[in-house]
>>> print(open('protein.txt').read())   # compact mmCIF, C-alpha atoms
# COMPACT_ATOMS: atom_id res chain seq x y z
CA MET Z 1 -24.08 33.63 9.87
CA LYS Z 2 -25.06 36.67 7.88
CA ILE Z 3 -24.20 40.35 7.58
CA GLY Z 4 -25.53 42.23 10.58
CA ASP Z 5 -25.32 39.33 13.03
CA ARG Z 6 -23.96 40.48 16.37
CA PHE Z 7 -22.13 38.65 19.12
CA GLN Z 8 -20.75 39.74 22.43
CA SER Z 9 -18.73 38.32 25.27
CA GLN Z 10 -17.16 39.51 28.50
CA PHE Z 11 -13.51 39.16 29.43
CA LEU Z 12 -11.69 39.91 32.65
CA VAL Z 13 -8.00 40.76 32.62
CA THR Z 14 -7.00 38.63 35.56
CA PRO Z 15 -3.60 38.48 37.27
CA GLU Z 16 -3.35 34.96 35.85
CA ILE Z 17 -3.72 36.21 32.30
CA TYR Z 18 -1.35 39.14 32.85
CA GLU Z 19 1.34 37.04 34.55
CA GLY Z 20 0.84 34.20 32.09
CA PHE Z 21 1.36 36.55 29.15
CA ILE Z 22 4.59 37.85 30.65
CA SER Z 23 5.76 34.34 31.43
CA LEU Z 24 5.02 33.06 27.93
CA PHE Z 25 6.19 35.99 25.84
CA ASN Z 26 8.71 37.68 28.12
CA ASP Z 27 7.58 41.24 27.45
CA ARG Z 28 8.63 42.94 30.65
CA ASN Z 29 8.69 46.45 29.26
CA PRO Z 30 8.45 48.85 32.23
CA LEU Z 31 5.14 50.18 30.92
CA HIS Z 32 3.68 46.76 31.70
CA VAL Z 33 5.53 45.85 34.90
CA ASP Z 34 6.59 49.09 36.64
CA THR Z 35 3.78 51.10 38.19
CA ALA Z 36 5.96 54.16 38.88
CA PHE Z 37 7.18 54.18 35.28
CA ALA Z 38 3.66 53.80 33.91
CA ARG Z 39 2.38 56.69 36.06
CA LYS Z 40 5.29 58.88 35.06
CA ALA Z 41 4.37 58.12 31.43
CA GLY Z 42 0.88 59.40 32.11
CA PHE Z 43 -1.03 56.20 32.78
CA LYS Z 44 -3.08 55.31 35.80
CA ASP Z 45 -1.15 52.09 36.47
CA ARG Z 46 0.75 49.32 34.68
CA VAL Z 47 -0.75 49.03 31.21
CA MET Z 48 -1.79 45.55 30.17
CA HIS Z 49 -0.21 44.17 27.01
CA GLY Z 50 -2.37 44.99 24.00
CA ASN Z 51 -1.96 41.51 22.62
CA ILE Z 52 -3.84 40.07 25.57
CA LEU Z 53 -6.86 41.30 23.62
CA GLY Z 54 -5.54 39.22 20.73
CA GLY Z 55 -5.85 36.25 23.05
CA PHE Z 56 -9.46 37.16 23.80
CA LEU Z 57 -10.14 37.38 20.06
CA SER Z 58 -8.57 33.96 19.62
CA HIS Z 59 -10.93 32.56 22.25
CA PHE Z 60 -13.88 34.20 20.57
CA VAL Z 61 -13.01 32.81 17.12
CA GLY Z 62 -12.07 29.37 18.35
CA GLU Z 63 -14.74 28.80 20.96
CA LEU Z 64 -17.67 31.19 20.84
CA LEU Z 65 -18.76 31.31 17.23
CA PRO Z 66 -21.66 29.09 16.10
CA LEU Z 67 -19.15 27.53 13.66
CA LYS Z 68 -16.22 25.49 14.96
CA GLU Z 69 -14.58 24.63 11.64
CA VAL Z 70 -12.94 27.98 11.08
CA ALA Z 71 -9.49 29.47 10.71
CA LEU Z 72 -8.42 33.02 11.45
CA VAL Z 73 -7.18 34.59 8.22
CA SER Z 74 -6.44 38.19 9.15
CA GLN Z 75 -6.75 40.50 12.09
CA ASN Z 76 -6.04 44.14 12.64
CA ILE Z 77 -6.48 46.01 15.87
CA ARG Z 78 -6.16 49.60 17.00
CA PHE Z 79 -5.44 50.17 20.66
CA ARG Z 80 -7.47 53.21 21.60
CA ASN Z 81 -7.25 53.45 25.40
CA PRO Z 82 -5.18 51.59 27.99
CA VAL Z 83 -6.38 48.45 29.69
CA TYR Z 84 -5.44 47.85 33.32
CA LEU Z 85 -5.30 44.80 35.55
CA ASN Z 86 -8.74 43.55 36.58
CA ASP Z 87 -10.50 45.56 33.88
CA ARG Z 88 -13.67 43.89 32.66
CA LEU Z 89 -14.03 44.22 28.89
CA GLU Z 90 -16.98 43.61 26.65
CA LEU Z 91 -16.15 42.36 23.17
CA ARG Z 92 -18.76 43.27 20.57
CA MET Z 93 -18.55 41.64 17.17
CA LEU Z 94 -20.53 42.47 14.04
CA VAL Z 95 -20.55 40.37 10.88
CA SER Z 96 -19.67 42.99 8.28
CA ALA Z 97 -19.11 40.93 5.13
CA VAL Z 98 -19.74 37.41 3.91
CA SER Z 99 -18.10 35.98 0.81
CA GLU Z 100 -19.62 32.68 -0.27
CA ALA Z 101 -17.08 32.26 -3.06
CA THR Z 102 -14.17 32.26 -0.63
CA ASN Z 103 -15.92 31.10 2.58
CA ILE Z 104 -14.68 34.24 4.29
CA LEU Z 105 -16.60 36.04 7.00
CA GLU Z 106 -15.50 39.45 8.09
CA PHE Z 107 -16.16 40.93 11.50
CA GLN Z 108 -15.74 44.39 12.91
CA PHE Z 109 -15.12 44.43 16.61
CA GLU Z 110 -14.71 46.68 19.57
CA PHE Z 111 -13.61 46.13 23.15
CA LEU Z 112 -15.40 48.36 25.64
CA LYS Z 113 -14.53 48.99 29.25
CA GLU Z 114 -17.19 49.11 31.92
CA ASP Z 115 -17.46 52.89 31.62
CA GLY Z 116 -18.18 52.56 27.90
CA VAL Z 117 -14.76 53.76 26.76
CA LYS Z 118 -13.40 51.87 23.76
CA SER Z 119 -10.14 50.19 24.60
CA ALA Z 120 -9.65 48.76 21.10
CA THR Z 121 -11.35 48.44 17.73
CA GLY Z 122 -10.57 46.46 14.63
CA ALA Z 123 -11.56 43.85 12.12
CA LEU Z 124 -10.85 40.22 11.49
CA GLN Z 125 -11.55 37.65 8.83
CA ILE Z 126 -12.20 33.97 9.33
CA ARG Z 127 -12.49 31.22 6.78
CA ARG Z 128 -14.96 28.39 7.01
CA LEU Z 129 -13.01 25.19 6.53
CA VAL Z 130 -15.87 22.89 5.56
CA MET I 1 -18.16 50.12 -17.00
CA GLU I 2 -15.25 50.35 -19.42
CA THR I 3 -12.47 47.79 -18.97
CA SER I 4 -9.95 50.57 -18.43
CA ASP I 5 -12.00 51.98 -15.54
CA MET I 6 -12.47 48.55 -14.09
CA LEU I 7 -8.73 47.89 -14.27
CA LYS I 8 -8.06 51.20 -12.51
CA GLN I 9 -10.34 50.17 -9.66
CA LEU I 10 -8.77 46.71 -9.51
CA ASN I 11 -5.32 48.31 -9.46
CA THR I 12 -6.34 50.20 -6.31
CA ILE I 13 -7.78 47.08 -4.68
CA PHE I 14 -4.80 44.89 -5.59
CA ALA I 15 -2.30 47.52 -4.46
CA ARG I 16 -4.02 47.76 -1.07
CA VAL I 17 -4.24 44.00 -0.55
CA LEU I 18 -0.69 43.38 -1.75
CA ASP I 19 0.60 46.36 0.20
CA ARG I 20 2.11 48.11 -2.80
CA GLU I 21 2.13 51.78 -3.64
CA GLU I 22 0.88 50.98 -7.09
CA ILE I 23 0.37 48.07 -9.42
CA ASP I 24 -0.18 47.85 -13.18
CA LEU I 25 -2.74 45.21 -14.03
CA LYS I 26 -3.60 44.21 -17.57
CA GLU I 27 -6.31 41.84 -18.73
CA THR I 28 -3.62 39.25 -19.35
CA THR I 29 -2.08 39.58 -15.87
CA THR I 30 -2.02 36.33 -13.91
CA ALA I 31 -0.99 35.46 -10.37
CA ALA I 32 2.38 34.31 -11.71
CA ASP I 33 3.06 37.89 -12.88
CA VAL I 34 2.52 39.51 -9.48
CA GLU I 35 4.78 38.89 -6.52
CA ASP I 36 2.94 37.74 -3.36
CA TRP I 37 -0.26 36.91 -5.27
CA ASP I 38 -0.63 33.51 -3.62
CA SER I 39 -3.69 31.49 -2.66
CA LEU I 40 -4.27 33.43 0.55
CA THR I 41 -3.95 36.86 -1.04
CA HIS I 42 -6.18 35.60 -3.87
CA ILE I 43 -8.93 35.08 -1.28
CA GLN I 44 -8.40 38.62 0.00
CA LEU I 45 -8.48 40.01 -3.54
CA VAL I 46 -11.81 38.33 -4.25
CA VAL I 47 -13.32 39.48 -0.95
CA GLU I 48 -12.20 43.10 -1.43
CA THR I 49 -13.36 43.08 -5.08
CA GLU I 50 -16.80 41.80 -4.04
CA LYS I 51 -17.05 44.51 -1.39
CA PHE I 52 -15.93 47.32 -3.65
CA PHE I 53 -18.15 46.43 -6.60
CA LYS I 54 -20.97 45.18 -4.33
CA VAL I 55 -21.21 41.85 -6.13
CA LYS I 56 -21.16 38.24 -5.02
CA PHE I 57 -19.24 35.51 -6.78
CA LYS I 58 -19.78 31.78 -6.46
CA ALA I 59 -16.87 29.44 -5.77
CA GLU I 60 -17.17 27.83 -9.19
CA GLU I 61 -17.01 31.25 -10.87
CA ILE I 62 -13.76 32.29 -9.24
CA GLN I 63 -12.21 28.90 -9.98
CA LYS I 64 -12.52 29.73 -13.68
CA PHE I 65 -10.51 32.97 -13.40
CA GLN I 66 -7.29 32.44 -15.36
CA ASN I 67 -6.30 36.09 -15.43
CA VAL I 68 -7.47 39.58 -14.52
CA GLY I 69 -9.41 39.78 -17.80
CA ASP I 70 -11.61 36.86 -16.69
CA MET I 71 -12.30 38.69 -13.45
CA CYS I 72 -13.25 41.82 -15.41
CA ARG I 73 -15.62 39.85 -17.63
CA ALA I 74 -17.26 38.22 -14.63
CA LEU I 75 -17.60 41.61 -12.94
CA ARG I 76 -19.18 43.11 -16.06
CA GLU I 77 -21.75 40.30 -16.13
CA LYS I 78 -22.55 40.84 -12.48
CA LEU I 79 -22.86 44.58 -12.98
CA GLY I 80 -25.31 44.08 -15.82
CA GLY I 81 -22.86 44.48 -18.65
CA SER I 82 -22.69 48.28 -18.11
>>> encode(input="protein.txt", output="structure tokens")
Amino acid sequence: MKIGDRFQSQFLVTPEIYEGFISLFNDRNPLHVDTAFARKAGFKDRVMHGNILGGFLSHFVGELLPLKEVALVSQNIRFRNPVYLNDRLELRMLVSAVSEATNILEFQFEFLKEDGVKSATGALQIRRLV
Amino acid sequence: METSDMLKQLNTIFARVLDREEIDLKETTTAADVEDWDSLTHIQLVVETEKFFKVKFKAEEIQKFQNVGDMCRALREKLGGS
């Protein structure tokens, strides 16, 4: 992989993913589980947990890169706009730096909703293990 | 680039990677002198240094770094000794 390489993938925030996240991590904050509360707080509906996008990033790193022998080294994410149940997101990744000395590849990423609005942006680093 | 200027730049990079407000590097500074400078942060330091100075190191070059002074010397070579 080299600087400038681009990758993209689609993700759907299914009820399975939403309920699975709650079941596994027990974050039942009313923003995520109470529609009336979420609307009163100014959102359209229950807001999906931001770290579900972390799960999508994990899938991307672990399964969708041309390299399999990699480890996630760092990740930062800014949540820009809320994600709702059944939203379809496009993840766009750009290789932004490559360090041969350390076997580190850096990516910038963004999650876009179907209307083009950015739901999250950030960067992550992976290390080639072999 | 003068060593003092290079150290100033490295201070900024190291402070950011190590999440410190400031740091005081000398040519003789080693990882043992700086809290949290472990193998993982060392990788980050090299990556951020490469990006900032727009240079590329090889693995065998960084393995020879014993202290910050070695890093400065390697950087000066990469930057054309300026």
>>> closest_atom_pairs(input="protein.txt", of="chain Z", to="chain I", cutoff="7 Å", atoms="all atoms listed in the file", output="Markdown table")
| residue | atom | partner | partner_atom | distance |
| --- | --- | --- | --- | --- |
| Z:Ser99 | CA | I:Val47 | CA | 6.2 |
| Z:Glu100 | CA | I:Lys58 | CA | 6.3 |
| Z:Ala101 | CA | I:Ala59 | CA | 3.9 |
| Z:Thr102 | CA | I:Ile43 | CA | 6.0 |
>>> residues_around(input="protein.txt", residues="range 1-12 of chain I", least_positions_apart="6", cutoff="8 Å", atoms="all atoms listed in the file", output="PyMOL selection string")
chain I and resi 22-27+49+72+76+81-82
>>> atom_distance(input="protein.txt", atom1="CA of Arg6 in chain Z", atom2="CA of Met93 in chain Z")
5.6 Å
>>> residues_around(input="protein.txt", residues="Asp34 in chain Z", least_positions_apart="5", cutoff="9 Å", atoms="all atoms listed in the file", output="list in words")
Arg28, Asn29, Arg39, Asp45 and Arg46 of chain Z
>>> closest_residue(input="protein.txt", among="I:Thr29, I:Asp70, I:Phe65, I:Lys54", to="Phe14 in chain I", atoms="all atoms listed in the file")
I:Thr29
>>> atom_distance(input="protein.txt", atom1="CA of Gly122 in chain Z", atom2="CA of Phe79 in chain Z")
8.7 Å
>>> atom_distance(input="protein.txt", atom1="CA of Leu112 in chain Z", atom2="CA of Val17 in chain I")
28.8 Å
>>> closest_residue(input="protein.txt", among="Z:Pro66, Z:Pro15, Z:Gly20, Z:Gly54", to="Asp87 in chain Z", atoms="only C-alpha atoms")
Z:Pro15
>>> closest_residue(input="protein.txt", among="Z:Leu91, Z:Leu53, Z:Ala36, Z:Val73", to="Gln10 in chain Z", atoms="all atoms listed in the file")
Z:Leu91
>>> closest_residue(input="protein.txt", among="Z:Glu69, Z:Asp115, Z:Glu110, Z:Glu90", to="Arg127 in chain Z", atoms="only C-alpha atoms")
Z:Glu69
>>> closest_residue(input="protein.txt", among="I:Ala74, I:Thr28, I:Arg16, I:Leu79", to="Leu45 in chain I", atoms="only C-alpha atoms")
I:Arg16
>>> residues_around(input="protein.txt", residues="Ala120 in chain Z", least_positions_apart="4", cutoff="12 Å", atoms="all atoms listed in the file", output="list in words")
Gly50, Asn51, Ile52, Leu53, Gly54, Phe56, Leu57, Asn76, Ile77, Arg78, Phe79, Arg80, Asn81, Pro82, Val83, Leu89, Glu90, Leu91, Arg92, Gln108, Phe109, Glu110, Phe111, Leu112, Lys113 and Gly116 of chain Z
>>> closest_residue(input="protein.txt", among="I:Ala31, I:Phe53, I:Ala15, I:Thr41", to="Lys78 in chain I", atoms="only C-alpha atoms")
I:Phe53
>>> axis_aligned_box(input="protein.txt", around="range 57-73 of chain I", padding_each_side="4 Å", output="AutoDock Vina command-line options")
--center_x -13.0 --center_y 34.8 --center_z -11.8 --size_x 21.5 --size_y 22.0 --size_z 20.0
>>> residues_around(input="protein.txt", residues="Val98 in chain Z", least_positions_apart="5", cutoff="7 Å", atoms="all atoms listed in the file", output="ChimeraX atom specification")
/Z:2-3,104-106
>>> decode(input="protein.txt", residues="range 30-121 of chain Z", atoms="C-alpha atoms", output="short mmCIF file (atom, residue, chain, number, x, y, z; two decimals), in the first residue's frame")
data_model
loop_
_atom_site.label_atom_id
_atom_site.label_comp_id
_atom_site.auth_asym_id
_atom_site.auth_seq_id
_atom_site.Cartn_x
_atom_site.Cartn_y
_atom_site.Cartn_z
CA PRO Z 30 -31.31 7.17 27.54
CA LEU Z 31 -29.83 8.94 24.50
CA HIS Z 32 -29.35 5.48 22.98
CA VAL Z 33 -32.44 3.66 24.22
CA ASP Z 34 -35.19 6.25 24.88
CA THR Z 35 -36.70 7.84 21.80
CA ALA Z 36 -38.61 10.50 23.76
CA PHE Z 37 -35.44 11.48 25.63
CA ALA Z 38 -33.40 11.63 22.43
CA ARG Z 39 -36.00 13.85 20.73
CA LYS Z 40 -36.21 16.13 23.74
CA ALA Z 41 -32.41 16.44 23.53
CA GLY Z 42 -32.76 17.61 19.95
CA PHE Z 43 -32.15 14.42 18.00
CA LYS Z 44 -34.37 12.80 15.44
CA ASP Z 45 -34.45 9.46 17.26
CA ARG Z 46 -32.34 7.22 19.50
CA VAL Z 47 -28.71 7.97 18.69
CA MET Z 48 -26.56 4.95 17.92
CA HIS Z 49 -23.48 4.46 20.08
CA GLY Z 50 -20.49 6.15 18.51
CA ASN Z 51 -18.29 3.18 19.22
CA ILE Z 52 -20.32 1.05 16.84
CA LEU Z 53 -18.27 2.89 14.23
CA GLY Z 54 -15.21 1.65 16.09
CA GLY Z 55 -16.50 -1.83 15.40
CA PHE Z 56 -16.80 -1.04 11.71
CA LEU Z 57 -13.21 0.25 11.73
CA SER Z 58 -12.13 -2.97 13.41
CA HIS Z 59 -13.78 -4.97 10.62
CA PHE Z 60 -12.11 -2.82 8.02
CA VAL Z 61 -8.63 -3.22 9.53
CA GLY Z 62 -9.00 -6.89 10.28
CA GLU Z 63 -10.81 -8.08 7.19
CA LEU Z 64 -10.83 -5.64 4.29
CA LEU Z 65 -7.26 -4.48 3.89
CA PRO Z 66 -5.04 -6.19 1.29
CA LEU Z 67 -2.76 -7.10 4.24
CA LYS Z 68 -3.95 -9.52 6.90
CA GLU Z 69 -0.88 -9.49 9.14
CA VAL Z 70 -1.60 -6.17 10.80
CA ALA Z 71 -2.31 -4.77 14.24
CA LEU Z 72 -4.20 -1.61 15.09
CA VAL Z 73 -1.82 0.75 16.89
CA SER Z 74 -3.84 3.92 17.38
CA GLN Z 75 -7.20 5.33 16.50
CA ASN Z 76 -8.87 8.65 17.02
CA ILE Z 77 -12.36 9.56 15.96
CA ARG Z 78 -14.49 12.68 16.01
CA PHE Z 79 -18.23 12.17 16.03
CA ARG Z 80 -19.60 14.90 13.80
CA ASN Z 81 -23.28 14.07 13.31
CA PRO Z 82 -25.58 11.49 14.89
CA VAL Z 83 -26.08 8.05 13.44
CA TYR Z 84 -29.51 6.42 13.70
CA LEU Z 85 -30.78 2.87 13.48
CA ASN Z 86 -30.77 1.50 9.92
CA ASP Z 87 -28.46 4.25 8.67
CA ARG Z 88 -26.26 3.11 5.81
CA LEU Z 89 -22.74 4.49 6.15
CA GLU Z 90 -19.91 4.64 3.68
CA LEU Z 91 -16.44 4.38 5.16
CA ARG Z 92 -13.77 6.07 3.07
CA MET Z 93 -10.14 5.45 3.94
CA LEU Z 94 -7.07 7.19 2.56
CA VAL Z 95 -3.49 6.05 3.17
CA SER Z 96 -1.94 9.26 4.47
CA ALA Z 97 1.51 8.14 5.64
CA VAL Z 98 3.76 5.12 5.30
CA SER Z 99 6.78 4.56 7.52
CA GLU Z 100 9.00 1.75 6.28
CA ALA Z 101 11.28 2.03 9.30
CA THR Z 102 8.45 1.24 11.71
CA ASN Z 103 6.08 -0.70 9.41
CA ILE Z 104 3.36 1.79 10.26
CA LEU Z 105 0.65 2.83 7.84
CA GLU Z 106 -1.54 5.77 8.66
CA PHE Z 107 -5.04 6.25 7.35
CA GLN Z 108 -7.42 9.17 7.44
CA PHE Z 109 -11.03 8.15 7.36
CA GLU Z 110 -14.52 9.48 7.18
CA PHE Z 111 -17.94 7.91 7.60
CA LEU Z 112 -20.59 9.42 5.35
CA LYS Z 113 -24.33 8.99 5.52
CA GLU Z 114 -26.39 8.46 2.40
CA ASP Z 115 -27.11 12.17 2.13
CA GLY Z 116 -23.39 12.92 2.12
CA VAL Z 117 -23.28 14.27 5.67
CA LYS Z 118 -20.16 13.23 7.60
CA SER Z 119 -21.08 11.27 10.68
CA ALA Z 120 -17.48 10.85 11.83
CA THR Z 121 -13.90 11.54 10.79
#
